[in-house]
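> File final-v9.csv below, CSV, C-alpha atoms and all ligand atoms:
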```csv
chain,number,residue,atom,x,y,z
A,1,MET,CA,-15.7,-33.0,18.6
A,2,PRO,CA,-18.0,-30.8,16.5
A,3,GLU,CA,-17.3,-31.1,12.8
A,4,ILE,CA,-15.7,-28.0,11.4
A,5,SER,CA,-16.7,-27.4,7.9
A,6,LYS,CA,-14.3,-25.5,5.7
A,7,PRO,CA,-15.6,-22.1,4.9
A,8,THR,CA,-16.3,-21.6,1.2
A,9,ARG,CA,-14.8,-18.4,-0.2
A,10,PRO,CA,-16.0,-16.6,-3.2
A,11,GLN,CA,-14.3,-17.7,-6.4
A,12,LEU,CA,-13.7,-15.6,-9.5
A,13,THR,CA,-14.6,-17.5,-12.7
A,14,ILE,CA,-12.8,-16.6,-15.9
A,15,ASP,CA,-15.5,-16.7,-18.5
A,16,ARG,CA,-13.5,-15.7,-21.5
A,17,ALA,CA,-10.1,-14.4,-22.6
A,18,GLU,CA,-9.2,-12.2,-25.6
A,19,LEU,CA,-5.6,-12.1,-26.8
A,20,ARG,CA,-4.7,-9.3,-29.2
A,21,LEU,CA,-1.3,-8.6,-30.8
A,22,VAL,CA,-0.8,-4.9,-30.9
A,23,ARG,CA,1.8,-2.7,-32.6
A,24,LEU,CA,2.6,0.8,-31.4
A,25,PRO,CA,5.3,2.8,-33.2
A,26,LEU,CA,7.8,4.6,-31.0
A,27,LEU,CA,8.2,8.3,-31.5
A,28,ASN,CA,11.9,7.9,-31.2
A,29,PRO,CA,14.0,4.8,-31.6
A,30,PHE,CA,15.2,3.5,-28.2
A,31,VAL,CA,18.9,2.5,-28.3
A,32,ILE,CA,20.4,0.2,-25.6
A,33,SER,CA,23.6,-1.8,-25.6
A,34,THR,CA,21.9,-4.9,-27.1
A,35,GLY,CA,20.1,-3.1,-30.0
A,36,THR,CA,17.6,-0.6,-31.1
A,37,MET,CA,13.8,-0.6,-30.7
A,38,TYR,CA,11.6,1.1,-33.3
A,39,ASP,CA,8.2,0.0,-32.1
A,40,ARG,CA,6.5,-2.1,-29.5
A,41,ILE,CA,4.7,-5.3,-30.6
A,42,PHE,CA,3.0,-6.9,-27.7
A,43,PRO,CA,0.3,-9.3,-26.5
A,44,LEU,CA,-2.6,-7.5,-24.9
A,45,LEU,CA,-4.7,-9.8,-22.8
A,46,THR,CA,-8.2,-9.3,-21.5
A,47,LEU,CA,-9.7,-11.7,-19.0
A,48,TYR,CA,-13.5,-11.5,-18.6
A,49,SER,CA,-15.5,-12.4,-15.5
A,50,GLY,CA,-19.2,-11.3,-15.4
A,51,ALA,CA,-19.2,-7.5,-15.9
A,52,HIS,CA,-15.5,-7.2,-15.1
A,53,GLN,CA,-12.5,-7.1,-17.4
A,54,GLY,CA,-8.8,-7.4,-16.4
A,55,TYR,CA,-6.0,-6.2,-18.6
A,56,ALA,CA,-2.3,-6.8,-18.9
A,57,GLU,CA,0.3,-6.5,-21.7
A,58,GLY,CA,3.3,-8.7,-22.4
A,59,VAL,CA,6.8,-7.1,-22.5
A,60,MET,CA,8.8,-9.9,-24.2
A,61,ASP,CA,10.8,-8.7,-27.3
A,62,PRO,CA,10.4,-10.2,-30.8
A,63,LEU,CA,13.9,-11.6,-30.4
A,64,PRO,CA,15.6,-12.8,-27.2
A,65,ASP,CA,17.9,-9.7,-26.7
A,66,TYR,CA,16.9,-8.6,-23.2
A,67,LEU,CA,16.0,-11.9,-21.7
A,68,GLY,CA,15.5,-15.3,-23.3
A,69,GLU,CA,11.8,-15.1,-23.9
A,70,THR,CA,10.4,-14.1,-27.3
A,71,LEU,CA,7.1,-12.8,-28.6
A,72,PRO,CA,6.4,-15.8,-31.0
A,73,ALA,CA,7.0,-18.3,-28.1
A,74,ALA,CA,4.8,-16.2,-25.8
A,75,MET,CA,2.0,-16.1,-28.2
A,76,ALA,CA,2.2,-19.8,-28.8
A,77,LEU,CA,2.3,-20.6,-25.1
A,78,LEU,CA,-0.6,-18.3,-24.3
A,79,LYS,CA,-2.8,-19.8,-27.1
A,80,ASP,CA,-1.9,-23.4,-26.7
A,81,LEU,CA,-1.3,-23.8,-23.0
A,82,PHE,CA,-1.9,-21.0,-20.5
A,83,LEU,CA,-5.2,-19.6,-21.7
A,84,PRO,CA,-6.9,-23.0,-22.3
A,85,MET,CA,-5.7,-23.9,-18.8
A,86,ILE,CA,-7.5,-21.0,-17.1
A,87,VAL,CA,-10.6,-20.1,-19.2
A,88,GLY,CA,-13.7,-21.6,-17.6
A,89,LYS,CA,-11.9,-22.1,-14.3
A,90,SER,CA,-12.5,-20.4,-11.0
A,91,PHE,CA,-9.9,-19.0,-8.6
A,92,GLU,CA,-10.1,-17.8,-5.1
A,93,ASN,CA,-7.3,-15.2,-5.5
A,94,PRO,CA,-4.3,-14.5,-7.8
A,95,ALA,CA,-2.0,-16.9,-5.8
A,96,ALA,CA,-4.4,-19.8,-6.7
A,97,LEU,CA,-4.0,-18.9,-10.4
A,98,GLY,CA,-0.3,-18.4,-10.0
A,99,LYS,CA,0.1,-21.9,-8.5
A,100,LEU,CA,-1.4,-23.4,-11.6
A,101,LEU,CA,1.2,-21.7,-13.9
A,102,SER,CA,4.2,-21.9,-11.6
A,103,PRO,CA,5.2,-25.6,-12.3
A,104,TRP,CA,6.0,-24.6,-16.0
A,105,ARG,CA,9.6,-23.7,-16.2
A,106,GLY,CA,10.8,-20.3,-17.4
A,107,HIS,CA,8.6,-18.0,-19.5
A,108,GLN,CA,8.2,-15.6,-16.6
A,109,MET,CA,7.0,-12.7,-18.8
A,110,THR,CA,4.4,-14.9,-20.5
A,111,LYS,CA,3.1,-16.2,-17.1
A,112,ALA,CA,3.1,-12.7,-15.7
A,113,THR,CA,0.9,-11.5,-18.5
A,114,VAL,CA,-1.8,-13.9,-17.4
A,115,GLU,CA,-1.3,-13.3,-13.7
A,116,MET,CA,-1.2,-9.5,-14.0
A,117,ALA,CA,-4.5,-9.5,-15.9
A,118,PHE,CA,-6.0,-11.7,-13.2
A,119,TRP,CA,-4.9,-9.3,-10.4
A,120,ASP,CA,-6.6,-6.4,-12.3
A,121,LEU,CA,-9.7,-8.5,-12.6
A,122,TRP,CA,-9.6,-9.6,-9.0
A,123,ALA,CA,-9.2,-6.0,-7.7
A,124,LYS,CA,-12.1,-4.9,-9.9
A,125,SER,CA,-14.3,-7.7,-8.5
A,126,LEU,CA,-13.5,-6.4,-5.0
A,127,ASP,CA,-14.0,-2.8,-6.2
A,128,LEU,CA,-10.6,-1.9,-5.0
A,129,PRO,CA,-7.6,-0.1,-6.7
A,130,LEU,CA,-4.9,-2.5,-7.7
A,131,GLN,CA,-2.5,-0.6,-5.4
A,132,THR,CA,-4.7,-1.5,-2.4
A,133,VAL,CA,-4.8,-5.2,-3.0
A,134,LEU,CA,-1.0,-5.2,-3.6
A,135,GLY,CA,-0.4,-3.3,-0.3
A,136,GLY,CA,0.5,0.1,-1.6
A,137,THR,CA,-0.7,3.6,-0.6
A,138,GLY,CA,-0.5,7.2,-1.8
A,139,ASP,CA,-1.8,9.2,-4.8
A,140,ALA,CA,1.4,9.7,-6.8
A,141,ILE,CA,4.9,8.3,-7.2
A,142,ASP,CA,8.3,9.8,-8.1
A,143,ALA,CA,9.0,9.5,-11.8
A,144,GLY,CA,12.5,8.8,-13.2
A,145,VAL,CA,13.4,8.6,-16.9
A,146,SER,CA,15.6,6.2,-18.9
A,147,LEU,CA,17.5,7.8,-21.8
A,148,GLY,CA,18.7,5.7,-24.7
A,149,ILE,CA,22.2,5.8,-26.2
A,150,GLY,CA,23.0,8.9,-28.2
A,151,SER,CA,25.9,11.3,-28.9
A,152,ILE,CA,27.2,13.5,-26.0
A,153,ASP,CA,25.6,16.6,-27.4
A,154,ASP,CA,22.3,14.9,-28.0
A,155,THR,CA,22.4,13.4,-24.5
A,156,LEU,CA,23.2,16.7,-22.9
A,157,ALA,CA,20.2,18.3,-24.6
A,158,ARG,CA,17.9,15.4,-23.5
A,159,VAL,CA,19.1,15.5,-19.9
A,160,ALA,CA,18.5,19.3,-19.8
A,161,ASP,CA,15.0,18.8,-21.2
A,162,HIS,CA,14.0,16.1,-18.8
A,163,HIS,CA,15.7,17.8,-15.8
A,164,SER,CA,13.7,20.9,-16.5
A,165,GLN,CA,10.5,18.8,-16.7
A,166,GLY,CA,11.2,17.8,-13.1
A,167,TYR,CA,12.1,14.1,-13.4
A,168,LYS,CA,13.5,12.9,-10.1
A,169,ARG,CA,16.3,10.6,-11.6
A,170,ILE,CA,17.8,10.4,-15.0
A,171,LYS,CA,19.2,7.1,-16.2
A,172,LEU,CA,21.7,6.9,-19.0
A,173,LYS,CA,22.2,3.8,-21.1
A,174,ILE,CA,25.9,3.0,-21.6
A,175,LYS,CA,28.0,0.5,-23.5
A,176,PRO,CA,31.7,0.0,-24.2
A,177,GLY,CA,33.1,3.1,-26.0
A,178,HIS,CA,30.1,5.1,-24.9
A,179,ASP,CA,30.5,5.3,-21.1
A,180,ILE,CA,33.0,7.2,-19.0
A,181,THR,CA,33.4,10.2,-21.3
A,182,LEU,CA,29.7,10.6,-21.8
A,183,VAL,CA,28.8,10.2,-18.1
A,184,ARG,CA,31.6,12.6,-17.1
A,185,ALA,CA,30.3,15.2,-19.5
A,186,ILE,CA,26.8,14.9,-18.2
A,187,ARG,CA,27.9,15.1,-14.5
A,188,GLU,CA,30.1,18.2,-15.2
A,189,ALA,CA,27.1,20.0,-16.8
A,190,PHE,CA,24.7,18.8,-14.1
A,191,PRO,CA,26.6,18.5,-10.9
A,192,ASP,CA,23.6,18.0,-8.6
A,193,ILE,CA,21.1,15.8,-10.5
A,194,ARG,CA,20.3,12.3,-9.4
A,195,LEU,CA,22.0,10.2,-12.1
A,196,SER,CA,22.3,6.5,-12.8
A,197,VAL,CA,23.6,4.3,-15.7
A,198,ASP,CA,22.3,1.1,-17.2
A,199,ALA,CA,24.7,-1.2,-19.1
A,200,ASN,CA,22.2,-4.0,-20.0
A,201,ALA,CA,24.8,-6.6,-19.3
A,202,CYS,CA,27.5,-5.5,-21.8
A,203,TYR,CA,30.6,-5.6,-19.6
A,204,THR,CA,32.6,-8.3,-18.0
A,205,LEU,CA,34.9,-8.5,-14.9
A,206,ALA,CA,37.8,-7.6,-17.2
A,207,ASP,CA,36.3,-4.1,-17.4
A,208,ALA,CA,36.4,-3.6,-13.6
A,209,THR,CA,39.2,-0.9,-13.9
A,210,LEU,CA,37.1,1.0,-16.4
A,211,LEU,CA,33.9,0.7,-14.4
A,212,ARG,CA,35.7,1.9,-11.3
A,213,LYS,CA,36.1,5.3,-13.0
A,214,LEU,CA,32.4,5.7,-12.5
A,215,ASP,CA,33.0,5.9,-8.7
A,216,ASP,CA,34.0,9.5,-9.1
A,217,LEU,CA,30.8,10.6,-10.8
A,218,ALA,CA,28.4,10.4,-7.8
A,219,LEU,CA,26.0,7.9,-9.5
A,220,ASP,CA,23.0,6.7,-7.6
A,221,TYR,CA,23.9,3.2,-8.9
A,222,ILE,CA,25.1,1.3,-12.0
A,223,GLU,CA,22.4,-1.1,-13.3
A,224,GLN,CA,23.3,-4.6,-14.6
A,225,PRO,CA,26.9,-4.1,-15.7
A,226,LEU,CA,27.6,-7.8,-16.1
A,227,ALA,CA,26.0,-10.9,-17.7
A,228,TRP,CA,22.2,-11.1,-17.8
A,229,ASP,CA,22.1,-14.4,-16.0
A,230,ASP,CA,25.0,-14.0,-13.6
A,231,ILE,CA,24.9,-13.0,-9.9
A,232,ARG,CA,28.3,-14.1,-8.7
A,233,ASP,CA,30.4,-11.8,-10.8
A,234,HIS,CA,28.3,-8.9,-9.7
A,235,ALA,CA,29.2,-9.7,-6.1
A,236,ILE,CA,32.9,-9.7,-7.1
A,237,LEU,CA,32.5,-6.4,-8.9
A,238,GLN,CA,30.6,-4.8,-6.0
A,239,LYS,CA,33.6,-5.5,-3.7
A,240,ARG,CA,35.8,-3.5,-6.1
A,241,MET,CA,33.4,-0.6,-6.6
A,242,LYS,CA,32.0,2.1,-4.3
A,243,THR,CA,29.0,2.8,-6.6
A,244,PRO,CA,26.1,0.6,-5.6
A,245,ILE,CA,25.2,-2.1,-8.2
A,246,CYS,CA,21.6,-2.4,-9.1
A,247,LEU,CA,20.4,-5.7,-10.6
A,248,ASP,CA,17.8,-5.9,-13.4
A,249,GLU,CA,18.1,-8.8,-15.9
A,250,CYS,CA,19.4,-11.5,-13.4
A,251,ILE,CA,16.6,-11.1,-10.8
A,252,ASN,CA,14.2,-13.6,-12.4
A,253,SER,CA,13.1,-15.5,-9.3
A,254,VAL,CA,12.8,-15.1,-5.5
A,255,ARG,CA,15.8,-17.4,-5.2
A,256,ALA,CA,17.9,-15.3,-7.5
A,257,CYS,CA,16.8,-12.2,-5.5
A,258,ARG,CA,17.7,-13.9,-2.2
A,259,GLN,CA,21.1,-15.1,-3.5
A,260,ALA,CA,21.9,-11.6,-4.8
A,261,LEU,CA,21.0,-10.0,-1.5
A,262,GLN,CA,22.9,-12.6,0.6
A,263,THR,CA,26.1,-12.2,-1.4
A,264,ASP,CA,25.9,-8.4,-1.7
A,265,ALA,CA,25.7,-8.6,-5.5
A,266,GLY,CA,23.2,-5.8,-5.6
A,267,ARG,CA,22.6,-3.0,-3.2
A,268,VAL,CA,19.6,-1.8,-5.2
A,269,ILE,CA,17.0,-4.0,-7.0
A,270,ASN,CA,15.0,-3.1,-10.1
A,271,ILE,CA,11.7,-4.9,-9.9
A,272,LYS,CA,9.9,-5.7,-13.1
A,273,VAL,CA,6.7,-7.8,-12.5
A,274,ALA,CA,7.1,-9.5,-15.9
A,275,ARG,CA,10.7,-10.6,-15.2
A,276,ALA,CA,9.6,-11.8,-11.8
A,277,GLY,CA,6.8,-14.0,-13.4
A,278,GLY,CA,4.0,-12.0,-11.8
A,279,TYR,CA,3.1,-9.9,-8.8
A,280,TYR,CA,3.1,-12.8,-6.4
A,281,THR,CA,6.9,-13.2,-6.9
A,282,ALA,CA,7.5,-9.5,-7.3
A,283,LEU,CA,5.9,-8.9,-3.9
A,284,GLN,CA,8.2,-11.5,-2.3
A,285,MET,CA,11.2,-9.8,-3.9
A,286,HIS,CA,10.0,-6.5,-2.5
A,287,ASP,CA,9.7,-7.8,1.0
A,288,LEU,CA,13.0,-9.7,0.9
A,289,ALA,CA,14.9,-6.7,-0.3
A,290,ALA,CA,13.3,-4.6,2.5
A,291,ALA,CA,14.4,-7.3,5.0
A,292,PHE,CA,18.0,-6.7,3.7
A,293,ASP,CA,17.5,-3.0,3.9
A,294,VAL,CA,17.9,-2.8,0.1
A,295,PRO,CA,15.8,-0.3,-1.8
A,296,VAL,CA,13.8,-1.2,-4.9
A,297,TRP,CA,12.4,0.7,-7.8
A,298,CYS,CA,10.0,-0.2,-10.7
A,299,GLY,CA,11.7,-0.9,-14.0
A,300,GLY,CA,9.9,-0.2,-17.3
A,301,MET,CA,9.8,-1.9,-20.7
A,302,LEU,CA,8.4,1.0,-22.9
A,303,GLU,CA,4.9,-0.1,-21.9
A,304,SER,CA,1.6,1.2,-23.3
A,305,GLY,CA,-0.8,2.7,-20.9
A,306,ILE,CA,-1.9,-0.8,-19.7
A,307,GLY,CA,1.5,-1.9,-18.5
A,308,ARG,CA,2.4,1.6,-17.4
A,309,ALA,CA,-0.7,1.8,-15.1
A,310,HIS,CA,0.3,-1.6,-13.6
A,311,ASN,CA,3.8,-0.2,-12.9
A,312,ILE,CA,2.4,2.9,-11.2
A,313,HIS,CA,0.2,0.9,-8.9
A,314,LEU,CA,3.2,-1.4,-7.9
A,315,SER,CA,5.4,1.6,-7.3
A,316,THR,CA,3.2,2.7,-4.4
A,317,LEU,CA,4.5,-0.1,-2.2
A,318,PRO,CA,6.6,1.0,0.8
A,319,ASN,CA,10.1,-0.2,-0.3
A,320,PHE,CA,9.9,1.5,-3.7
A,321,THR,CA,12.0,4.3,-2.3
A,322,LYS,CA,13.8,5.2,-5.5
A,323,PRO,CA,12.2,6.8,-8.5
A,324,GLY,CA,11.2,4.2,-11.2
A,325,ASP,CA,11.4,4.2,-15.0
A,326,VAL,CA,7.8,5.3,-15.0
A,327,SER,CA,7.8,8.4,-17.3
A,328,SER,CA,5.1,10.1,-19.4
A,329,ALA,CA,3.5,8.0,-22.1
A,330,SER,CA,3.8,10.9,-24.5
A,331,ARG,CA,7.6,10.4,-24.5
A,332,TYR,CA,7.1,7.1,-26.3
A,333,PHE,CA,3.9,7.2,-28.3
A,334,ALA,CA,2.0,9.8,-30.5
A,335,ARG,CA,-1.2,8.2,-29.0
A,336,ASP,CA,-1.7,5.6,-26.3
A,337,ILE,CA,-4.2,2.8,-26.4
A,338,ILE,CA,-5.9,4.0,-23.2
A,339,VAL,CA,-8.2,7.0,-22.7
A,340,GLU,CA,-6.5,8.4,-19.6
A,341,LYS,CA,-3.2,10.4,-20.0
A,342,LEU,CA,-0.4,9.0,-18.0
A,343,GLU,CA,1.8,12.0,-17.8
A,344,ALA,CA,4.2,13.1,-15.1
A,345,THR,CA,3.9,16.6,-13.6
A,346,ASP,CA,6.9,18.1,-11.9
A,347,GLY,CA,8.4,14.6,-11.7
A,348,ARG,CA,5.3,13.0,-10.1
A,349,MET,CA,3.0,10.5,-11.7
A,350,ALA,CA,-0.5,10.3,-10.3
A,351,VAL,CA,-2.0,6.9,-9.6
A,352,PRO,CA,-5.0,6.2,-11.8
A,353,LYS,CA,-8.1,6.3,-9.8
A,354,GLY,CA,-10.9,3.7,-9.6
A,355,ALA,CA,-11.0,-0.1,-9.3
A,356,GLY,CA,-8.1,-2.3,-10.6
A,357,ILE,CA,-5.5,-0.5,-12.8
A,358,GLY,CA,-8.0,2.4,-13.2
A,359,VAL,CA,-7.5,3.0,-16.9
A,360,THR,CA,-9.8,2.3,-19.8
A,361,LEU,CA,-9.0,1.1,-23.4
A,362,ASP,CA,-9.4,3.6,-26.2
A,363,GLU,CA,-11.2,0.9,-28.3
A,364,ASN,CA,-11.1,2.8,-31.6
A,365,TYR,CA,-7.4,3.4,-31.6
A,366,LEU,CA,-6.7,-0.1,-30.2
A,367,THR,CA,-8.7,-1.6,-33.1
A,368,GLU,CA,-6.6,0.4,-35.5
A,369,MET,CA,-3.3,-0.8,-33.9
A,370,THR,CA,-4.4,-4.4,-33.5
A,371,LEU,CA,-2.5,-6.9,-35.8
A,372,SER,CA,-4.6,-10.0,-34.7
A,373,SER,CA,-7.1,-11.0,-32.1
A,374,GLU,CA,-8.3,-14.3,-30.8
A,375,SER,CA,-11.0,-15.2,-28.3
A,376,PHE,CA,-10.9,-18.1,-25.9
A,377,CYS,CA,-14.1,-19.5,-24.4
A,378,ALA,CA,-14.8,-22.3,-22.0
B,401,LIG,O1,17.1,-2.3,-18.9
B,401,LIG,O2,15.5,-1.2,-17.9
B,401,LIG,C1,16.0,-1.7,-19.0
B,401,LIG,C2,13.8,-0.8,-22.0
B,401,LIG,C3,13.8,-2.0,-22.7
B,401,LIG,C4,14.6,-3.1,-22.2
B,401,LIG,C5,15.3,-2.9,-21.0
B,401,LIG,C6,15.3,-1.8,-20.3
B,401,LIG,C7,14.5,-0.7,-20.8
B,401,LIG,C8,14.5,0.6,-20.2
B,401,LIG,C9,13.4,1.5,-20.5
B,401,LIG,O3,15.4,1.1,-19.5
B,401,LIG,C10,12.5,1.9,-19.4
B,401,LIG,C11,11.3,2.6,-19.8
B,401,LIG,O4,11.3,3.8,-20.1
B,401,LIG,O5,10.2,2.0,-19.9
B,402,MG,MG,17.8,-2.2,-17.0
```
Would you kindly transcribe this structure into structure tokens?

Amino acid sequence: MPEISKPTRPQLTIDRAELRLVRLPLLNPFVISTGTMYDRIFPLLTLYSGAHQGYAEGVMDPLPDYLGETLPAAMALLKDLFLPMIVGKSFENPAALGKLLSPWRGHQMTKATVEMAFWDLWAKSLDLPLQTVLGGTGDAIDAGVSLGIGSIDDTLARVADHHSQGYKRIKLKIKPGHDITLVRAIREAFPDIRLSVDANACYTLADATLLRKLDDLALDYIEQPLAWDDIRDHAILQKRMKTPICLDECINSVRACRQALQTDAGRVINIKVARAGGYYTALQMHDLAAAFDVPVWCGGMLESGIGRAHNIHLSTLPNFTKPGDVSSASRYFARDIIVEKLEATDGRMAVPKGAGIGVTLDENYLTEMTLSSESFCA
């Protein structure tokens, strides 16, 4: 037998990492059932390899009010564990890097920050757009919009504004005492728009009778009505409601996604790469949902242009058949930290062109908005 030597594949070496902490004020406070956001404070990670740079931002909140992760814990883990583990090392592809991080429990958003920056770097090393290495196609995606909690009059005005801008789906945040009357008023004023609601986990099964009233309002879906870490109760609620349930918070692993699909707990899945722990897992969720004939869409976390560009590329995959929360950056920030303008036109968001995520940092403004910065060398 001739000896077969294992082919050596090109490896991508991470020469250096830079971790910034950035603060961007929001133009308008964003109110959801769990609290109000006034600004975004986030880790911005740059991975360097030769002439290439890969970028990603973290979306964990300062306090554990959306998921269990927090910004201080993420910063500590990045500095003390994840970045020292990968700097100076070489990886054949993003899956190889993901494998190194995956044995650590939890902290999906923190691990995703590292993995997403590496995907951008890897795509750039191959001179391919991120969408191409992820398996997506097309020049533009449908844009939806997520509107925070406000009065009925204020919400009516914001719906009218965004509807006239051409957004393909409008999502209203709801909470107890701010639900049926509000959604009914919007539906009466806009009988034909594609409308959904997002409860951010603020109801229980005891509210099933109330939630069933939404069945008359022709919603595309109701997002995460029940507990952030529960799938079973969603399956029970789905049996009692006509409106499709869309799961967000509780889809934090491929297993959670599979169990939700198997039990009919969610007829729509919101995919956020950060919540999945990275693209590798997000892609498996995407494929699994497709196998169950369940549509997915890309969720948002009020990202700066870096995270927004990542979301746009992901949204070009074939089972992203519903408009995502990928709206114009100018809705959130007076100025973005990237040079390119990520703005929707007639409800469509163009995919940034070029290798990787296809956007470049506005270094001057970024420096102005950077709270701290640390470099990690081999
Ligand atoms: O539940 O999708 C959510 C923002 C922060 C935390 C959770 C959520 C959201 C959004 C905003 O809905 C989506 C966006 O415009 O980026
Ligand atoms: Mg949500």
> For each of A:Arg169, A:Arg232, A:Arg255, A:Arg348, take the minimum atom-to-atom distance to Thr281 in chain A, counting all atoms listed in the file, then give the residue where this is smallest.
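Distance minimum relative to Thr281 in chain A lands on A:Arg255.
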> Could you jot down the CA of Gly277 in chain A to CA of Met109 in chain A separation for me, Å, one decimal place?
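One can read the CA of Gly277 in chain A to CA of Met109 in chain A distance as 5.6 Å.
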> If we count all atoms listed in the file and set the cut-off at 9 Å, which residues sit around range 351-364 of chain A, ignoring sequence neighbours fewer than 6 positions away in its own chain? Please answer as a ChimeraX atom specification.
/A:54-55,119-133,138-141,305-306,309-310,312-313,316,336-340,342
> Could you check the closest approach to ligand LIG 401 (chain B) for each of A:Ala218, A:Ala199, A:Leu12, A:Ile152 and tell me which residue wins, using all atoms listed in the file?
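For ligand LIG 401 (chain B), the nearest of the candidates is A:Ala199.
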> Could you give me, as CSV, a per-residue list for chain A showing, wherever an atom lies at most 8 Å from an atom of ligand LIG 401 (chain B), the closest pair of atoms and their distance in Å to one decimal, using only C-alpha atoms and all ligand atoms and sorting by chain then residue number from low to high?

```
residue,atom,partner,partner_atom,distance
A:Phe30,CA,B:LIG401,C2,7.7
A:Ile32,CA,B:LIG401,C4,7.5
A:Tyr66,CA,B:LIG401,C4,6.0
A:Val145,CA,B:LIG401,O4,6.1
A:Ser146,CA,B:LIG401,O4,5.1
A:Leu147,CA,B:LIG401,O3,7.4
A:Gly148,CA,B:LIG401,O3,7.7
A:Lys171,CA,B:LIG401,O3,7.8
A:Lys173,CA,B:LIG401,O3,7.5
A:Asp198,CA,B:LIG401,O1,6.4
A:Ala199,CA,B:LIG401,O1,7.7
A:Asn200,CA,B:LIG401,O1,5.5
A:Glu223,CA,B:LIG401,O1,7.8
A:Gln224,CA,B:LIG401,O1,7.9
A:Asp248,CA,B:LIG401,O1,6.6
A:Glu249,CA,B:LIG401,O1,7.2
A:Gly299,CA,B:LIG401,O2,5.5
A:Gly300,CA,B:LIG401,O5,3.4
A:Met301,CA,B:LIG401,O5,4.0
A:Leu302,CA,B:LIG401,O5,3.6
A:Glu303,CA,B:LIG401,O5,6.0
A:Asp325,CA,B:LIG401,C11,5.1
A:Val326,CA,B:LIG401,O4,6.4
A:Ser327,CA,B:LIG401,O4,6.4
```
> Please produce a file of the residues just selected, as an mmCIF file, keeping the file's coordinate frame, where the atoms kept are C-alpha atoms.

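Contents of again.cif, freshly written:
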```cif
data_model
loop_
_atom_site.group_PDB
_atom_site.id
_atom_site.type_symbol
_atom_site.label_atom_id
_atom_site.label_comp_id
_atom_site.auth_asym_id
_atom_site.auth_seq_id
_atom_site.Cartn_x
_atom_site.Cartn_y
_atom_site.Cartn_z
ATOM 1 C CA PHE A 30 15.200 3.500 -28.200
ATOM 2 C CA ILE A 32 20.400 0.200 -25.600
ATOM 3 C CA TYR A 66 16.900 -8.600 -23.200
ATOM 4 C CA VAL A 145 13.400 8.600 -16.900
ATOM 5 C CA SER A 146 15.600 6.200 -18.900
ATOM 6 C CA LEU A 147 17.500 7.800 -21.800
ATOM 7 C CA GLY A 148 18.700 5.700 -24.700
ATOM 8 C CA LYS A 171 19.200 7.100 -16.200
ATOM 9 C CA LYS A 173 22.200 3.800 -21.100
ATOM 10 C CA ASP A 198 22.300 1.100 -17.200
ATOM 11 C CA ALA A 199 24.700 -1.200 -19.100
ATOM 12 C CA ASN A 200 22.200 -4.000 -20.000
ATOM 13 C CA GLU A 223 22.400 -1.100 -13.300
ATOM 14 C CA GLN A 224 23.300 -4.600 -14.600
ATOM 15 C CA ASP A 248 17.800 -5.900 -13.400
ATOM 16 C CA GLU A 249 18.100 -8.800 -15.900
ATOM 17 C CA GLY A 299 11.700 -0.900 -14.000
ATOM 18 C CA GLY A 300 9.900 -0.200 -17.300
ATOM 19 C CA MET A 301 9.800 -1.900 -20.700
ATOM 20 C CA LEU A 302 8.400 1.000 -22.900
ATOM 21 C CA GLU A 303 4.900 -0.100 -21.900
ATOM 22 C CA ASP A 325 11.400 4.200 -15.000
ATOM 23 C CA VAL A 326 7.800 5.300 -15.000
ATOM 24 C CA SER A 327 7.800 8.400 -17.300
#
```
> To one decimal place in Å, what is the distance between CA of Thr70 in chain A and CA of Val268 in chain A?
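Distance between the two atoms: 26.9 Å.
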> List the neighbours of Val254 in chain A out to 12 Å using only C-alpha atoms; skip same-chain residues closer than 3 positions along the sequence, and give me the result as a PyMOL selection string.
chain A and resi 250-251+257-261+269+271+273+275-289
> If you count all atoms listed in the file, which residues fall within 12 Å of Pro191 in chain A, apart from same-chain ones fewer than 6 positions away, as number ranges by chain?
A: 163, 183-185, 216-219
> From the options A:Phe91, A:Tyr221, A:Phe376, A:Phe320, which residue's atoms come nearest to ligand MG 402 (chain B), counting all atoms listed in the file?
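Among the listed residues, A:Tyr221 lies closest to ligand MG 402 (chain B).
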> Mind giving me the straight-line distance from CA of Asn319 in chain A to CA of Leu134 in chain A in Å, one decimal?
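Taking CA of Asn319 in chain A as the start and CA of Leu134 in chain A as the end point, the length is 12.6 Å.
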> Which one of A:Leu63, A:Ala76, A:Leu45, A:Ile186 sits closest to Phe118 in chain A if you count only C-alpha atoms?
A:Leu45
> Within 6 Å of range 365-375 of chain A, counting only C-alpha atoms, which residues qualify if same-chain residues fewer than 3 places away don't, as a list in words?
Ala17, Glu18, Leu19, Arg20, Leu21, Val22, Arg23, Ile337 and Asp362 of chain A
> May I have the residues within 12 Å of Ala160 in chain A as an NGL selection string, using only C-alpha atoms and disregarding those fewer than 4 positions away in the same chain?
:A and (147 or 153-156 or 164-167 or 170 or 186-187 or 189-190 or 193)
> Go through A:Met60, A:Ile222, A:Pro84, A:Gly136 one by one, measure the shortest atom-to-atom distance of each to ligand MG 402 (chain B) using all atoms listed in the file, and give the residue with the smallest value.
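Residue with the minimum atom-to-atom distance to ligand MG 402 (chain B): A:Ile222.
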> Nearest residue to Leu24 in chain A out of A:Arg9, A:Lys111, A:Arg335, A:Arg158, using only C-alpha atoms?
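Under the stated criterion, the closest residue is A:Arg335.
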> Around the point (-14.9, -10.9, -19.3) in the file's coordinates, collect all residues with an atom within 10 Å, using all atoms listed in the file, and return them as a PyMOL selection string.
chain A and resi 13-18+46-54+121
> Taking (34.8, 4.8, -9.7) in the file's own coordinates, collect the residues within 7 Å, counting all atoms listed in the file, and hand them back as a list in words.
Leu211, Arg212, Lys213, Leu214, Asp215, Asp216, Met241, Lys242 and Thr243 of chain A
